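Structure record follows, encoded as structure tokens.
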Amino acid sequence: MEIVELYPRDLVYAHEAEAQTGVPQSVIRKWASRGRIHSFPGDGRSGNGHGYKTMYALPEIKELAKAYRPRQPRNR
């Protein structure tokens with residue numbers, strides 16, 4: 001997906017993307033750090049004592065979520 005195809009309404013915070021797709025926030029952040037999805041500066045609003053600083057492109061997350069399978073925890 002090209003960035004020019006995104007609208008402001010397509011940008012969401014990690015907790016909003018998790019609620020809509022079921023992909024954990026940690027996985028969404030990892031995808032962004034590895035360059036699989038784009039991240040954008042947030043508006044800095046706060047909630048529950050935390051500032052939301054990064055927004056993600058929801059269409060990209062939805063596309064990757066189709067193939068996402070949670071990993072089973074390892075037995076130690």
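Residue numbering restarts at 1 in every chain; chains get A, B, ... in the order shown in the structure tokens, and ligands count up from 1 in that same order.
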Taking the DSSP assignment computed from this structure's backbone, write out as a VMD selection string all residues of chain A that belong to helix (DSSP H, G or I).
chain A and resid 3 to 5 8 to 10 14 to 21 25 to 33 58 to 65
Would you export the selected residues with N, CA and C atoms as a PDB file, in the first residue's frame, please?
```pdb
ATOM      1  N   ILE A   3       1.540   5.238   0.694  1.00  0.00           N
ATOM      2  CA  ILE A   3       1.100   6.202   1.704  1.00  0.00           C
ATOM      3  C   ILE A   3       0.083   7.181   1.119  1.00  0.00           C
ATOM      4  N   VAL A   4       0.190   7.482  -0.156  1.00  0.00           N
ATOM      5  CA  VAL A   4      -0.734   8.440  -0.769  1.00  0.00           C
ATOM      6  C   VAL A   4      -2.160   7.911  -0.816  1.00  0.00           C
ATOM      7  N   GLU A   5      -2.362   6.611  -0.580  1.00  0.00           N
ATOM      8  CA  GLU A   5      -3.689   6.018  -0.598  1.00  0.00           C
ATOM      9  C   GLU A   5      -4.398   6.115   0.754  1.00  0.00           C
ATOM     10  N   PRO A   8      -6.769  10.452   6.603  1.00  0.00           N
ATOM     11  CA  PRO A   8      -6.583  10.637   8.052  1.00  0.00           C
ATOM     12  C   PRO A   8      -7.428   9.677   8.896  1.00  0.00           C
ATOM     13  N   ARG A   9      -8.594   9.301   8.422  1.00  0.00           N
ATOM     14  CA  ARG A   9      -9.437   8.367   9.193  1.00  0.00           C
ATOM     15  C   ARG A   9      -8.850   6.955   9.220  1.00  0.00           C
ATOM     16  N   ASP A  10      -7.865   6.664   8.356  1.00  0.00           N
ATOM     17  CA  ASP A  10      -7.220   5.355   8.325  1.00  0.00           C
ATOM     18  C   ASP A  10      -6.150   5.206   9.398  1.00  0.00           C
ATOM     19  N   ALA A  14      -2.454   2.040  18.462  1.00  0.00           N
ATOM     20  CA  ALA A  14      -2.272   0.591  18.586  1.00  0.00           C
ATOM     21  C   ALA A  14      -3.437  -0.074  19.310  1.00  0.00           C
ATOM     22  N   HIS A  15      -3.951   0.560  20.366  1.00  0.00           N
ATOM     23  CA  HIS A  15      -5.044  -0.072  21.108  1.00  0.00           C
ATOM     24  C   HIS A  15      -6.333  -0.109  20.280  1.00  0.00           C
ATOM     25  N   GLU A  16      -6.523   0.881  19.418  1.00  0.00           N
ATOM     26  CA  GLU A  16      -7.694   0.885  18.546  1.00  0.00           C
ATOM     27  C   GLU A  16      -7.560  -0.186  17.462  1.00  0.00           C
ATOM     28  N   ALA A  17      -6.352  -0.333  16.923  1.00  0.00           N
ATOM     29  CA  ALA A  17      -6.113  -1.361  15.909  1.00  0.00           C
ATOM     30  C   ALA A  17      -6.287  -2.757  16.503  1.00  0.00           C
ATOM     31  N   GLU A  18      -5.841  -2.936  17.742  1.00  0.00           N
ATOM     32  CA  GLU A  18      -5.997  -4.228  18.405  1.00  0.00           C
ATOM     33  C   GLU A  18      -7.485  -4.564  18.572  1.00  0.00           C
ATOM     34  N   ALA A  19      -8.274  -3.576  18.952  1.00  0.00           N
ATOM     35  CA  ALA A  19      -9.709  -3.804  19.147  1.00  0.00           C
ATOM     36  C   ALA A  19     -10.400  -4.170  17.836  1.00  0.00           C
ATOM     37  N   GLN A  20      -9.945  -3.612  16.724  1.00  0.00           N
ATOM     38  CA  GLN A  20     -10.605  -3.852  15.440  1.00  0.00           C
ATOM     39  C   GLN A  20     -10.112  -5.107  14.732  1.00  0.00           C
ATOM     40  N   THR A  21      -8.853  -5.494  14.972  1.00  0.00           N
ATOM     41  CA  THR A  21      -8.285  -6.614  14.219  1.00  0.00           C
ATOM     42  C   THR A  21      -7.998  -7.845  15.065  1.00  0.00           C
ATOM     43  N   GLN A  25      -1.131  -5.407  20.497  1.00  0.00           N
ATOM     44  CA  GLN A  25      -0.392  -4.163  20.282  1.00  0.00           C
ATOM     45  C   GLN A  25       1.100  -4.406  20.108  1.00  0.00           C
ATOM     46  N   SER A  26       1.650  -5.349  20.845  1.00  0.00           N
ATOM     47  CA  SER A  26       3.089  -5.624  20.744  1.00  0.00           C
ATOM     48  C   SER A  26       3.458  -6.106  19.345  1.00  0.00           C
ATOM     49  N   VAL A  27       2.581  -6.876  18.722  1.00  0.00           N
ATOM     50  CA  VAL A  27       2.834  -7.360  17.359  1.00  0.00           C
ATOM     51  C   VAL A  27       2.746  -6.199  16.376  1.00  0.00           C
ATOM     52  N   ILE A  28       1.778  -5.320  16.566  1.00  0.00           N
ATOM     53  CA  ILE A  28       1.632  -4.151  15.687  1.00  0.00           C
ATOM     54  C   ILE A  28       2.883  -3.281  15.770  1.00  0.00           C
ATOM     55  N   ARG A  29       3.370  -3.041  16.981  1.00  0.00           N
ATOM     56  CA  ARG A  29       4.590  -2.242  17.133  1.00  0.00           C
ATOM     57  C   ARG A  29       5.789  -2.929  16.493  1.00  0.00           C
ATOM     58  N   LYS A  30       5.868  -4.250  16.606  1.00  0.00           N
ATOM     59  CA  LYS A  30       6.977  -5.000  16.009  1.00  0.00           C
ATOM     60  C   LYS A  30       6.918  -4.918  14.491  1.00  0.00           C
ATOM     61  N   TRP A  31       5.721  -5.027  13.915  1.00  0.00           N
ATOM     62  CA  TRP A  31       5.590  -4.886  12.463  1.00  0.00           C
ATOM     63  C   TRP A  31       6.084  -3.514  12.012  1.00  0.00           C
ATOM     64  N   ALA A  32       5.753  -2.481  12.785  1.00  0.00           N
ATOM     65  CA  ALA A  32       6.182  -1.121  12.421  1.00  0.00           C
ATOM     66  C   ALA A  32       7.694  -0.985  12.535  1.00  0.00           C
ATOM     67  N   SER A  33       8.281  -1.554  13.581  1.00  0.00           N
ATOM     68  CA  SER A  33       9.727  -1.428  13.754  1.00  0.00           C
ATOM     69  C   SER A  33      10.488  -2.195  12.673  1.00  0.00           C
ATOM     70  N   LEU A  58      -4.336   1.582   9.548  1.00  0.00           N
ATOM     71  CA  LEU A  58      -5.244   0.456   9.767  1.00  0.00           C
ATOM     72  C   LEU A  58      -5.391  -0.450   8.544  1.00  0.00           C
ATOM     73  N   PRO A  59      -5.479   0.076   7.316  1.00  0.00           N
ATOM     74  CA  PRO A  59      -5.590  -0.838   6.162  1.00  0.00           C
ATOM     75  C   PRO A  59      -4.395  -1.790   6.054  1.00  0.00           C
ATOM     76  N   GLU A  60      -3.198  -1.317   6.383  1.00  0.00           N
ATOM     77  CA  GLU A  60      -2.025  -2.186   6.337  1.00  0.00           C
ATOM     78  C   GLU A  60      -2.113  -3.268   7.414  1.00  0.00           C
ATOM     79  N   ILE A  61      -2.568  -2.895   8.594  1.00  0.00           N
ATOM     80  CA  ILE A  61      -2.696  -3.855   9.684  1.00  0.00           C
ATOM     81  C   ILE A  61      -3.748  -4.906   9.344  1.00  0.00           C
ATOM     82  N   LYS A  62      -4.872  -4.473   8.776  1.00  0.00           N
ATOM     83  CA  LYS A  62      -5.922  -5.423   8.393  1.00  0.00           C
ATOM     84  C   LYS A  62      -5.409  -6.410   7.349  1.00  0.00           C
ATOM     85  N   GLU A  63      -4.585  -5.947   6.438  1.00  0.00           N
ATOM     86  CA  GLU A  63      -4.037  -6.831   5.410  1.00  0.00           C
ATOM     87  C   GLU A  63      -3.125  -7.892   6.032  1.00  0.00           C
ATOM     88  N   LEU A  64      -2.246  -7.484   6.935  1.00  0.00           N
ATOM     89  CA  LEU A  64      -1.356  -8.441   7.590  1.00  0.00           C
ATOM     90  C   LEU A  64      -2.096  -9.331   8.585  1.00  0.00           C
ATOM     91  N   ALA A  65      -3.174  -8.814   9.166  1.00  0.00           N
ATOM     92  CA  ALA A  65      -3.935  -9.586  10.155  1.00  0.00           C
ATOM     93  C   ALA A  65      -4.583 -10.825   9.533  1.00  0.00           C
TER      94      ALA A  65
END
```
When DSSP is applied to the backbone of this structure, which of chain A are assigned strand (DSSP E)? Write them out as an MDAnalysis selection string.
chainID A and resid 11:13 39:41 46:47 50:51 54:57
Quick check, in Å to one decimal: how far apart do atom CA of His38 of chain A and atom CA of Arg71 of chain A lie?
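So the answer is 23.3 Å.
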Applying 7 Å and only C-alpha atoms, which residues near Gly42 of chain A remain after dropping the ones on its own chain fewer than 4 positions away? List them as a PyMOL selection string.
chain A and resi 52-55
